[in-house]
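This report refers to the structure that appears directly beneath it.
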Amino acid sequence: MRYPFKQVEEKWLQYWEENQVFKTDLNNTQNKKYVLVMFLYPSGANLHIGHWYNYGPTDSWARFKKLLGYNVFEPMGYDAFGLPAENYAIKTGIHPYDSTMQNIEDIRKQLKKMGCMYDCNAELMTCVPEYYKWNQWIFLQMYKRGLAYRKFAPVNWCNSCQTVLANEQVIDGECERCNSKVIQKNLYQWFFKITDYAEELLDGLNKINWPEKTKIMQRNWIGKSEGAKVIFKVEHSDEEIRVFTTRPDTLYGVTYVVLAPEHPLVDRITTEEHKKAVENYRESTKLLTEIERTSTVKEKTGVFTGAYAINPVNNERVPIWIADYALITYGTGCVMAVPAHDERDFEFAKKFNLPIKKVILQDGTKEEDELTSAFTDVGTMINSDIFNGTRSDEGITKVIEYLEQKDFGKRKINYRLRDWLISRQRYWGTPIPIIHCPNCGEVPVDEKDLPVELPYDVDFRLGGESPLARNEKFIKVICPKCSGDAKRDPDTMDTFVDSSWYYLRYLNPNYKKGPFDTELADKWTPVDMYVGGAEHATMHLLYARFFHKFLRDLGLLNSDEPFSTLVHQGTITNQGAKMSKSKGNVVNPDEFIENYGTDVFRMYLMFMGPYDQGGDWSDKGISGVDRFVNRTYDLFKQYENKLRNVIASDKYDLSSLNDDEKKVYRKVNQTLKKFSDEIENFRFNTAVASLMELLNELKALENCIDEIKLYVLSRFAFMLASVAPHLGEECWQFLGNDKSIYLSNPSFIIDSEALSEDNVNIAIQVNGKLRATISVPIDSEQSYLKSLVEKDERVMKFVNEKTILKEIFVKNKIYNIVVK
RNA sequence: GCCGAAGUGGCGGAAUUGGUAGACGCGCUGGACUCAAAAUCCAGUGGGGCUCACACCUCGUGCCGGUUCGAGUCCGGCCUUCGGUACCA
């Protein structure tokens, strides 16, 4: 009979809801497991395969933990602010609030079909004042501590989205969202001082169980480098140039200095005769950034300023150039150029005929040998006064010590990480709780006046300024300090602010005394298992760590990290291409749900391949899972109500069982072991395969007594309930159970004695080549095998007339005879 | 360029610390059931050789080399694909 999935799925969904099976008792923190998937962006499109792939298997993991007796908390919510809703509004006139709420309602229904254990009491959305009020509150706490600040700064501007972007949101010089070219613009913007936490963010990576590649990405993004700051005086001037270098050992080889074109010093030091050229160059680089910054041809360009700097260690006079290969955003915006030992400087020096001075001698070469490229490895220091003869790697610290002694410079650590730009010139986000007063300057909104509510009636057409700036009712306020006319800050916050702490809010979404219930947060965080896309490696996953540490420093949390274990699901592609609405290649899961049901579809997604690898979508194998599910259903259906009065023990003595009983008893114990291991480690494909193997062995069930049947089938149903929840429940019921398996606490213990077999197959090799396999009792000794092999013609024909040099024996595995 | 991951049958993919390569599934082939088909069930299925057949032999995990009794797994050198990053001093 075909598995009537529609009735079964409906039945159990209803049961779970009516009996609140998945409501978590948050006050009970014994055996707690906080399982979380990255929350959902409520777009108008249907949930696609990617959502199912993310949520389904993770839910199976959570379900298995629950079956094992853990107190599992698995919430789901909506990341409801953001640009797409606003762009949609501009196009259609439908207000972002209305469309978002409608979308959430639609998505709730679809989510339900997945049959996940989401605790609906914990649902949250970020676009309501009850939530974003606390974004503002956190903002104010940062402001108080100098961690939220406003500055006039060059920012990434997307003309199409009419807003600024964080560095993390610029991909290949293009806007992450709309792929249009990002340009530079100078604007007053709000920043969060994430750089204050750079060192701790780096350090903390060693303490968390995250994919190594994600940690590496964060490490690179933070980009710590150690070196020195060196001060060069500008000749005939009071100005000084402070450079950062990781190679103080090459300091004697400096032949020129480079400033970034935008560097403020340029105006003050450029000589009259070079002003024009410098101005032209600055203009051209500005244009270049706007037009073609990502050009693959990186021909070095630059101009001389006419000024000279003095190298503090040898008083050499070196020219000061400007060039766009010096970046204003990194280090001090100034570079000491050592062409002999830096590839970029070498290239530049060659092009502009600047001197190349060798100060590190490569082992096995002579000083007068000409350099054909920069030598950047370790060698012996030369032309370096008192350091001559020193190995360059040791020279680094020695030169730094010397610089500090003479007051020429200092040891310095630099980070690539920049502060997080959070202002957005858009409507659909959290208003920034700051008032700008002509008399008092920046005035933070009083905490008791929060939330600063986002007004509903707004003209959100694009215009280069925030839509909120055009809303008189919102923008005009009385300054709380001087009672004069003032204006609210018209910008809203980056939506990554919302997602930086939502996992704390889930624990009590209605909490009123603070952003989250600190008592619960202490018990339930860090999140035990966090699952989401790898594309968030340097954005959400970095910001959330920063927030967590900040909230800890506020005294609201005790833990240092938000997510102790992280897993990335892979990407499901369609014919090699990422699925996206714009490409029109999104595979709709609906037809599979309709034809096969939720359980089959979820199980197929798990079975396809390694979870973190994703893969190209194909429905080719789904019939295999469908067959498995139907066979399984048939098997259990056969025993419907027949085992109701049977009672199985927790353990059976193998010697009391017949061969078939032994076989299935062992197999189910072995499967339970394997299945548990595989699920625990997110290896769902092999977990499902192990169940298929088990089913294939269960033909032998016919020759078993009822007790064994029940023993085996109840364990099978137990495992099924994790990967095919509705079917698992149904099968559990067929065995005579009246209650949901999730309310039954079966606590099956693996019989470790049943894990091994009576007999094992040993590979018999001659010189490492397989010549025969022999079945022997487990743990047989070498001598016994030898006696068998000696009678075995298949093996002996390769041994006869040759000398046995060696025999290698690995118990229960292999017996290898080495001959010559 | 640099950092990271991966290359295994016709296909998706399995293989504890080096120890019987190809689990599980798809597909395909043959058979049963059927008037027939679908569905279902049973059997077979890496390539090559040899044989009436059973058996047996041989080659096989991107390429070349090495370590080892034994390598998909370890080491050295390449090639390809996919992610990340990009003048970071």
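By convention in this document, the chains of the structure tokens carry letters A, B, ... by their order, each chain's residues are numbered from 1, and ligands are numbered from 1 in the order they are shown.
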Practice task
Up to 6 Å from chain A, what residues of chain B turn up? Count only C-alpha atoms (C1' of nucleotides) and give them as a list in words.
Solution key: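 Written out as asked, the residues are U20, C24, G25, C26, C69, G70, C87 and A89 of chain B.
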Query raised in the report: Near G60 (chain B), counting only C-alpha atoms (C1' of nucleotides), which residues have an atom at most 10 Å away, once you skip same-chain residues fewer than 4 positions from it, shown as number ranges by chain?
Result: B: 21, 46-47
Requested in this report: Based on DSSP run over this structure's backbone, return all residues of region 475-624 of chain A in strand (DSSP E), as a VMD selection string.
Outcome: chain A and resid 476 to 478 485 to 488 492 to 493 529 to 531 566 to 567 572 to 574 577 to 578 615 to 616
Would you please extract all helix (DSSP H, G or I) residues from region 363-555 of chain A, as assigned by DSSP on the backbone, and give them as number ranges by chain?
A: 385-387, 392-406, 447-449, 467-470, 472-475, 498-500, 502-505, 518-524, 534-536, 540-553
task: State, in Å with one decimal place, the distance from CA of Tyr197 (chain A) to CA of Val230 (chain A).
output: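 Calculated distance between CA of Tyr197 (chain A) and CA of Val230 (chain A) is 24.8 Å.
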- Message: For region 652-667 of chain A, find every residue with an atom within 8 Å (counting only C-alpha atoms (C1' of nucleotides)), except residues of its own chain fewer than 3 positions away, and show them as a list in words.
- Response: Ser649, Gln670, Thr671, Leu694, Glu697, Leu698, Ala700, Leu701, Asn703, Cys704, Ile705, Ile708, Tyr711, Val712, Ala754, Leu755, Ser756 and Glu757 of chain A
Item to complete: Excluding Tyr506 (chain A) and residues on its chain fewer than 5 positions from it, collect all residues at most 8 Å away from it, counting only C-alpha atoms (C1' of nucleotides), and give them as a list in words.
Response: Pro75, Ala122, Glu123 and Leu124 of chain A
Pick out the residues sitting within 9 Å of region 521-524 of chain A, and hand them over as a ChimeraX atom specification; count only C-alpha atoms (C1' of nucleotides), and ignore anything fewer than 3 positions along from it in its own chain.
/A:26-27,29,32-34,73,504-505,507,516-518,527-528,556-559
I need the residues from that last selection saved to file as a compact mmCIF listing (two decimals), in the first residue's frame (with N, CA and C atoms), if you can.
# COMPACT_ATOMS: atom_id res chain seq x y z
N LEU A 26 11.79 26.74 29.15
CA LEU A 26 13.07 27.45 29.19
C LEU A 26 13.65 27.53 30.60
N ASN A 27 12.83 27.28 31.59
CA ASN A 27 13.36 27.34 32.95
C ASN A 27 14.12 26.08 33.32
N THR A 29 17.00 24.02 32.45
CA THR A 29 18.19 24.14 31.61
C THR A 29 19.07 22.90 31.70
N LYS A 32 20.32 21.28 28.18
CA LYS A 32 19.77 22.20 27.18
C LYS A 32 20.53 22.13 25.87
N LYS A 33 19.78 22.29 24.77
CA LYS A 33 20.40 22.44 23.45
C LYS A 33 19.68 23.56 22.74
N TYR A 34 20.41 24.61 22.49
CA TYR A 34 19.85 25.73 21.73
C TYR A 34 20.28 25.52 20.28
N PHE A 73 15.67 23.76 22.32
CA PHE A 73 15.00 25.01 21.99
C PHE A 73 15.34 25.35 20.54
N LEU A 504 19.33 36.29 21.22
CA LEU A 504 19.10 36.52 22.64
C LEU A 504 17.64 36.86 22.92
N ARG A 505 17.04 37.51 21.97
CA ARG A 505 15.66 37.98 22.11
C ARG A 505 14.66 36.82 22.03
N LEU A 507 14.56 34.16 23.44
CA LEU A 507 14.30 33.50 24.72
C LEU A 507 13.10 34.10 25.44
N PHE A 516 16.82 41.83 26.26
CA PHE A 516 16.52 40.40 26.40
C PHE A 516 16.55 40.03 27.86
N ASP A 517 15.98 38.90 28.16
CA ASP A 517 15.93 38.41 29.54
C ASP A 517 17.30 37.87 29.92
N THR A 518 18.00 38.63 30.74
CA THR A 518 19.40 38.26 31.01
C THR A 518 19.52 36.94 31.76
N VAL A 527 24.59 29.76 21.90
CA VAL A 527 23.82 28.86 21.07
C VAL A 527 24.67 27.61 20.82
N ASP A 528 24.09 26.44 21.02
CA ASP A 528 24.89 25.21 20.89
C ASP A 528 25.16 24.84 19.44
N LEU A 556 25.50 42.31 30.70
CA LEU A 556 24.24 41.62 30.43
C LEU A 556 24.43 40.13 30.14
N LEU A 557 25.66 39.73 29.89
CA LEU A 557 25.95 38.34 29.54
C LEU A 557 27.22 37.91 30.23
N ASN A 558 27.37 36.62 30.37
CA ASN A 558 28.62 36.12 30.94
C ASN A 558 29.51 35.45 29.91
N SER A 559 28.89 34.94 28.85
CA SER A 559 29.71 34.20 27.88
C SER A 559 30.42 35.16 26.94
Expressed in Å, the length from C1' of C75 (chain B) to C1' of G18 (chain B) is 13.0 Å
